[in-house]
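S.K.: Here it is, the structure in full.
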Amino acid sequence: MNFRTWYLVHKWSSLVPTAFLLMLCLTGLPLIFHEEIDHWLHPHPELGAAAPGAPGADIDDVVARALAARPGEVVRFVTFDDEEPLGYVITAATPAPPPDDGHVQPFDARTGKFFDPLPPPGGFMDIMLDLHTDMFLGLPGYLFLGAMGLLLVVATVTGVVLYTPFMRKLDFGALRARRSPRLKWLDLHNLAGIATAAWVLVVGVTGTINTLALPILGLWQRGQLAEMTAPYRGLPPLERAGSVDAALRTARAAAPGMAVQFVAFPGTQFSSRHHYAVFMRGNTPLTSRLIQPALVDARTGKLTDMRELPLYVRILLVSQPLHFGDYGGLPLKILWALLDLAAIAILGTGLYLWLRRPAPAHRPGAARPAAGTGSLRDNPPTGSAPR
Amino acid sequence: MTPPPASSRRSLWQVFRWPLALALTSAVGLVSALVGDGAYDAVSWVALGLPCAVIAGALMRA
């Protein structure tokens with residue numbers, strides 16, 4: 001491939017997704033700080049000091065009180081904060097979507113005391129998230145943005161190749177700011193693009209993987225989850241689920257050294273109709289994401305099966321932090337935001353360079369316009385491209 | 001080693017040595033905070049701060 005071909009691929013793989021990538025960069029910016037913004041909008045409840053040796057909340061009682069407050073609803077999940085002794089009961093009219101969103105009741109994981117319920121979804125951050133993930137379109141929206149992510153990967157790789165001819169006569173980091181605006185924006189485009197290429201590639205690829213979350217969940221449900229619960233297929237539905245606390249004890253005993261991240265109740269997408277699925281997490285940033293489900297018979301409280309999630313789910317789970325930038329404290333989030341701003345600059349300068357492109361030469365072999373206006377067309381690579 | 005005069009043609013190595021260094025540093029930064037806390041986080045901050053610093057430095061010199 002000569003540089004002209006690389007240029008054409010770069011141009012189209014960037015121009016097609018530019019508007020969507022700009023939207024993703026802009027909505028992604030507040031989402032980087034969603035935890036901080038959520039805490040600021042809805043301050044965490046004051047968690048007093050626990051009584052020494054407190055045994056932890058009676059989760060069966062917590063669940064019963066949550067259900068009593070929400071007549072007609074069922075519990076989908078009980079989840080636990082990984083930093084603070086906070087838990088959440090998520091209830092909804094049905095065990096599995098629709099509706100997508102449930103009612104969230106926070107509680108003190110040591111005493112079982114209830115705090116004010118979280119406000120229903122629909123706030124600013126929810127809108128940002130919906131725009132960022134699927135533009136309110138569901139699966140087609142996810143997959144479309146995934147395709148835009150793939151184009152971003154193509155644009156980044158072709159951009160790195162095209163960096164060569166432009167830099168044959170320039171030092172790394174040179175910004176020719178005084179010659180012409182076009183040269184200045186070209187140099188900034190090239191510098192910001194090459195300096196952030198690794199980060200952009202990782203965020204682009206992991207973002208694309210994240211768009212496949214729904215198909216991946218479906219694959220796991222029909223694969224490993226179905227396998228693990230096969231002996232229960234065809235059994236009559238549970239009349240009444242047994243103790244959640246018993247299930248938690250069973251899961252903790254099966255996975256010593258791990259903590260409970262969430263319990264999926266019978267009938268939800270993450271369990272079977274006969275099981276509590278207790279998802280256990282490790283305690284490093286990586287192992288806390290690589291959760292493992294312990295399936296506990298919801299009637300007897302005995303362990304049915306516990307397995308590592310299959311590779312395709314683990315890839316998704318590791319892709320999440322690498323896309324969100326939420327695994328290295330606030331400084332990492334700030335760097336994520338700066339790199340996101342650099343990505344916006346790359347998109348903006350790229351668009352400018354295309355809008356202000358020099359007029360095409362009228363015929364092949366025509367005298368070239370004065371060199372240095374900064375497009376590949378009038379600033380050809382010296383000898384590298386077969387012509 | 002002295003830098004080549006401004007007009008001469010740079011080799012691929014000369015064009016890509018800094019980008020390559022930045023990419024490898026970024027990769028270390030992306031992974032480090034994932035495998036540990038504390039010092040591992042700090043390594044990530046420095047490593048991913050580098051591309052930001054390079055861009056900011058060039059903007060200030062321009």
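Starting from 1 in every chain, residues are counted up; chains themselves are A, B, ... following the order of the structure tokens, and ligands are numbered from 1 as listed.
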Could you give me, as a list of chain:residue names, each residue of region 179-267 of chain A that DSSP assigns to strand (DSSP E or B) when run on this structure's backbone?

M.R.: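 Everything in region 179-267 of chain A that counts as strand (DSSP E or B) is A:Ala259, A:Val260, A:Gln261, A:Phe262, A:Val263, A:Ala264.
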
S.K.: Mind checking which residues fall within 9 Å of Ala33 (chain B), counting only C-alpha atoms, ignoring those fewer than 4 positions away in the same chain, and posting them as a PyMOL selection string?

M.R.: (chain A and resi 285-286+327-329+332) or (chain B and resi 29+37-45)

S.K.: Determine the nearest neighbour of chain B from the options A:Leu188, A:Leu214, A:Leu248, A:Leu351, counting only C-alpha atoms.

M.R.: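 Nearest candidate to chain B out of A:Leu188, A:Leu214, A:Leu248, A:Leu351: A:Leu188.
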
S.K.: Just checking: using only C-alpha atoms, which residue out of A:Ser272, A:Gln292, A:Asn190, A:Thr229 ends up closest to chain B?

M.R.: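 Among the listed residues, the smallest separation from chain B belongs to A:Asn190.
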
S.K.: Select from region 282-334 of chain A everything DSSP, run on the backbone, classes as helix (DSSP H, G or I), then give the selection as a CSV table (one decimal) with C-alpha atoms, in the first residue's frame.

M.R.:
```csv
chain,number,residue,atom,x,y,z
A,311,LEU,CA,-12.5,-16.4,28.8
A,312,TYR,CA,-14.9,-14.3,26.8
A,313,VAL,CA,-16.6,-13.0,29.9
A,314,ARG,CA,-13.2,-12.4,31.6
A,315,ILE,CA,-12.1,-10.4,28.6
A,316,LEU,CA,-15.2,-8.2,28.9
A,317,LEU,CA,-14.7,-7.8,32.7
A,318,VAL,CA,-11.1,-6.7,32.2
A,319,SER,CA,-12.1,-4.4,29.4
A,320,GLN,CA,-14.4,-2.4,31.7
A,321,PRO,CA,-11.8,-0.8,33.9
A,322,LEU,CA,-9.4,-0.3,30.9
A,323,HIS,CA,-12.2,1.7,29.2
A,324,PHE,CA,-13.5,3.6,32.3
A,329,GLY,CA,-7.8,6.5,42.1
A,330,LEU,CA,-8.7,10.1,41.2
A,331,PRO,CA,-5.3,11.0,39.6
A,332,LEU,CA,-5.8,8.3,37.0
A,333,LYS,CA,-9.3,9.6,36.3
A,334,ILE,CA,-7.9,13.1,35.8
```

S.K.: With 10 Å as the limit and counting only C-alpha atoms, what residues in chain A lie close to chain B? Please list them as number ranges by chain.

M.R.: A: 160, 163-178, 184, 188, 191-199, 202, 283-289, 318, 321-322, 325-336, 338-339, 341-342, 382

S.K.: Here is a test: counting only C-alpha atoms, which residue of A:Gly267, A:Pro293, A:Gly223, A:Gly149 is nearest to Phe279 (chain A)?

M.R.: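 Comparing A:Gly267, A:Pro293, A:Gly223, A:Gly149 against Phe279 (chain A), the winner is A:Pro293.
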
S.K.: For region 86-97 of chain A, work out the shell of residues within 6 Å, counting only C-alpha atoms and skipping chain neighbours fewer than 4 positions away, then give it as a PyMOL selection string.

M.R.: chain A and resi 73-81+102-109+267-269

S.K.: Env of Leu225 (chain A): 10 Å cut, atoms = only C-alpha atoms, seq-sep filter 3 positions within chain, self excluded. Answer as number ranges by chain.

M.R.: A: 217-222, 228-230, 269-272, 277, 293, 295, 305, 307, 309

S.K.: If you measure from CA of Leu235 (chain A) to CA of Val260 (chain A), what distance in Å do you get, rounded to one decimal?

M.R.: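 Computing it gives 27.8 Å between the two atoms.
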
S.K.: Using only C-alpha atoms for the distances, tell me which of A:Val263, A:Met1, A:Leu47, A:Leu15 is nearest to Ile291 (chain A).

M.R.: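 Checking each candidate against Ile291 (chain A), we get A:Val263 as the closest.
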